[in-house]
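K.L.:
Please find one structure pasted underneath; my questions will follow.
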Amino acid sequence: MGRALVVVVLTVGAFSIPAAPQASAADLTYSSEHFSITWSNDPASGDAPNLDDADADGIPDSVERVVEAFERARAFEIDALGYLAPPVDDSYPLYVAFAGGGGGYTRLAPGGNGESRPSYTVVPPDLFRATTPQISIDIFAAHEYFHAIQNGYNAHAEDWVAEATATWVAALYNNFDPRALGSLRGFVPYPRLGLSAGNGIHEYGAFTFFEFLAESLTGSFDPAVVRELWEAMASPDAIPSAPMLGAEAAIVQVVDSHGRSLPDAWTSFVQWEWQLTRYAHSAAYRAALSGVAWPRVSSLTRVKKDSCRLSAGDPPGGLPPLSSDYLGLVSGPHSAVRSSLLTVVGTPSTVASMFVRSDEGTVTEQTLKFDVDGVARAELSFGGDARRITLAVGNVATTGPPAPLAYSLRSVDSRATEVPPPAGVSATTYGTAVTLSGSISCNGAPVPFVHATLTQTDAVSGEAVVYEVVTDPAGNWRRQVAPQSNQIYSVAVDDPLLSRAESPPKPVAVRLRVVQQPSSDRIVLGEPISVSGTVDPVHPSASVVIEFRRPERDWRSGAQAIVDESGTFEGSFVLPAAGIWEVRSRVTDTGDADHVPGTNPPALVAVRRNP
């Protein structure tokens, strides 16, 4: 596993070499109580440190300075914080060598047992310059030596947690000097990336989560919380019976062991990140973030009446596991004071709270509680004491896809939602599906991703069937239905994010399906033609008229028939002249109100004169 910290403050990186640097004839080695350091004594070498030796003891002053920094870092991490020392047989090896990009790194060394592995650290020559600030050396030593400790616990723990906790230890060791906190700039302003995201700086800035745990889990600052995390991730090779959990599972275990739940802890963390003043070293945080506009919302909506539906994670976006977002709602110009309802719709892993700012600048805070349907609500007087709301939301899931989230702010008595009647045909033939469509709007604008119900009500029995419809990104919906009898359709919006609304009714009549079969499509003038057929669904005693006409002329009655118990009918008549005729069968009276009369497409019959 390769872990690294670039010497230049605020910049991080990683490098890869196959093995530890090899010693040459020009190399020298010096050993302190716990470290050995090897360097090139050739002034022309790019790998050489500053070789000045003011005390003429044969060891460059810069080398002594760096080794002393590592000894102090080791004493802090092993003796003060209580971590296990790295599994090395003798002194921990340090090498002075240039690496591309100017940084140093810690790598696994050959040997070791299972997941508990020895390592070595490469220290860049730049760290040995006389002008290098001591704080830069101390940050490097504390960060990289903690990687050595981590490799002893679990050499293949996730990189993000290794970098975050190494950064945290270095910050703690250096009393949260702003120069040790530069990675906050790649973390705090990007809450939607998720805790475990890695881009070369974000994972380092994630140290703030572990500082939050250390400050909040026990009621007072307790750095042992982070050690407990590594003990939960440790290999049994390092600590017998250790569970060797993944980072997220270890976080859950540690939080639970202190009587908190992860949803509760993540809710608080999201609040702390918004109000950095909650951290003990908030002044250093703000100094490290100098020039960064924070706090800031990812979206700001001015609300005069209803915000309608707002989104913070519809496909293809969403909140990744262990991420957060901050959303703003501000009272629009000339907004009246009104009783308002703030609603958030999420998933079982959603957490949320709100900060409400008054005209006087007072901020009140409230954690939102979600019901079993994933809906949270809060009532407030918006436009009065509440002029601005910051909604802090998070996804507490440790794995899985991004979680969609939506929200709205509306008047309790709002009537902003509008639903026109479904569009589509007004009649269809029995057994034929039809497509109904429509739109949903709020404040006159289409609303996407609205969940609504399309109710199909039987015109006779009153029995109802309910379908769910969802508007597309343009605010439109479509649904195919196959009514079996006369129906009435209506759409109702009972979405928690919108005011309730229902469309006017849309009746759809269902015609009987009539199928006929003439006895022949060619007959002699004066010869009767017989027409038989079926009616579906069966309507015994329904009246059927068999009609004929010249193409495009008026229909005339040819014969009358009655539908029998099996749904069939039959009649015969004589066509009055030679030529081409259209023949059809039409139900004139269904005998009830569940269907309307129907007919079949006409059949062509040719009548020829007698030979």
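Starting from 1 in every chain, residues are counted up; chains themselves are A, B, ... following the order of the structure tokens, and ligands are numbered from 1 as listed.
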Would you write out, as a Markdown table, a table of all residues in segment 184-289 of chain A that have an atom no more than 8 Å from an atom of segment 157-173 of chain A, listing for each the closest atom pair and the distance in Å to one decimal, considering only C-alpha atoms and ordering rows by chain and rising residue number?

P.N.:
```
| residue | atom | partner | partner_atom | distance |
| --- | --- | --- | --- | --- |
| A:Ser196 | CA | A:Trp160 | CA | 5.8 |
| A:Ala197 | CA | A:Trp160 | CA | 7.2 |
| A:Gly198 | CA | A:Trp160 | CA | 6.4 |
| A:Glu203 | CA | A:Trp160 | CA | 5.0 |
| A:Tyr204 | CA | A:Ala164 | CA | 4.5 |
| A:Gly205 | CA | A:Ala164 | CA | 6.4 |
| A:Ala206 | CA | A:Ala164 | CA | 5.2 |
| A:Phe207 | CA | A:Ala164 | CA | 4.3 |
| A:Thr208 | CA | A:Trp168 | CA | 7.3 |
| A:Phe210 | CA | A:Thr165 | CA | 7.0 |
| A:Glu211 | CA | A:Trp168 | CA | 7.0 |
| A:Val226 | CA | A:Thr165 | CA | 7.5 |
| A:Met233 | CA | A:Ala157 | CA | 7.2 |
| A:Gly246 | CA | A:Ala157 | CA | 7.1 |
| A:Ala247 | CA | A:Val161 | CA | 6.7 |
```

K.L.:
Counting only C-alpha atoms, what is within 9 Å of segment 32-35 of chain A, bar same-chain residues fewer than 2 positions away, as a VMD selection string?

P.N.:
chain A and resid 30 37 64 67 to 68 70 to 71 74 90 to 94

K.L.:
Set the distance at 12 Å and use only C-alpha atoms: which residues neighbour Gly361 of chain A once local chain neighbours fewer than 6 positions away are removed? I'd like the list as a PDB file with N, CA, C and O atoms, in the first residue's frame.

P.N.:
```
ATOM      1  N   PHE A 355     -31.531  25.278   9.592  1.00  0.00           N
ATOM      2  CA  PHE A 355     -31.134  26.479  10.311  1.00  0.00           C
ATOM      3  C   PHE A 355     -32.026  27.607   9.809  1.00  0.00           C
ATOM      4  O   PHE A 355     -32.078  27.868   8.602  1.00  0.00           O
ATOM      5  N   ASP A 385     -40.687  35.951  11.196  1.00  0.00           N
ATOM      6  CA  ASP A 385     -39.421  35.752  11.907  1.00  0.00           C
ATOM      7  C   ASP A 385     -38.446  34.936  11.076  1.00  0.00           C
ATOM      8  O   ASP A 385     -37.230  35.072  11.227  1.00  0.00           O
ATOM      9  N   ALA A 386     -38.979  34.081  10.238  1.00  0.00           N
ATOM     10  CA  ALA A 386     -38.115  33.229   9.407  1.00  0.00           C
ATOM     11  C   ALA A 386     -37.952  33.855   8.035  1.00  0.00           C
ATOM     12  O   ALA A 386     -38.888  33.872   7.240  1.00  0.00           O
ATOM     13  N   ARG A 387     -36.759  34.373   7.769  1.00  0.00           N
ATOM     14  CA  ARG A 387     -36.495  35.002   6.474  1.00  0.00           C
ATOM     15  C   ARG A 387     -35.613  34.140   5.580  1.00  0.00           C
ATOM     16  O   ARG A 387     -35.634  34.280   4.361  1.00  0.00           O
ATOM     17  N   ARG A 388     -34.843  33.264   6.189  1.00  0.00           N
ATOM     18  CA  ARG A 388     -33.935  32.431   5.411  1.00  0.00           C
ATOM     19  C   ARG A 388     -33.809  31.072   6.087  1.00  0.00           C
ATOM     20  O   ARG A 388     -33.621  30.988   7.298  1.00  0.00           O
ATOM     21  N   ILE A 389     -33.897  30.031   5.291  1.00  0.00           N
ATOM     22  CA  ILE A 389     -33.772  28.665   5.797  1.00  0.00           C
ATOM     23  C   ILE A 389     -32.603  28.005   5.082  1.00  0.00           C
ATOM     24  O   ILE A 389     -32.494  28.067   3.852  1.00  0.00           O
TER      25      ILE A 389
END
```

K.L.:
Neighbouring residues of segment 454-462 of chain A were defined as those with any atom within 12 Å, considering only C-alpha atoms; residues of the same chain fewer than 3 positions away were excluded. Please report them as a ChimeraX atom specification.

P.N.:
/A:419,421-422,436-439,451,465-471,477-494,502-510,592-596

K.L.:
Would you return as a ChimeraX atom specification the members of segment 379-549 of chain A that DSSP assigns to strand (DSSP E or B) on this structure's backbone?

P.N.:
/A:379-382,386,388-395,403,406-411,417-418,423,427-429,434-439,441-442,445-446,451-458,464-470,476-481,487-493,501-502,506-511,513-518,522-524,529-536,543-549

K.L.:
If I take atom CA of Ala56 of chain A and atom CA of Leu28 of chain A, how far is one from the other in Å, to one decimal?

P.N.:
15.1 Å
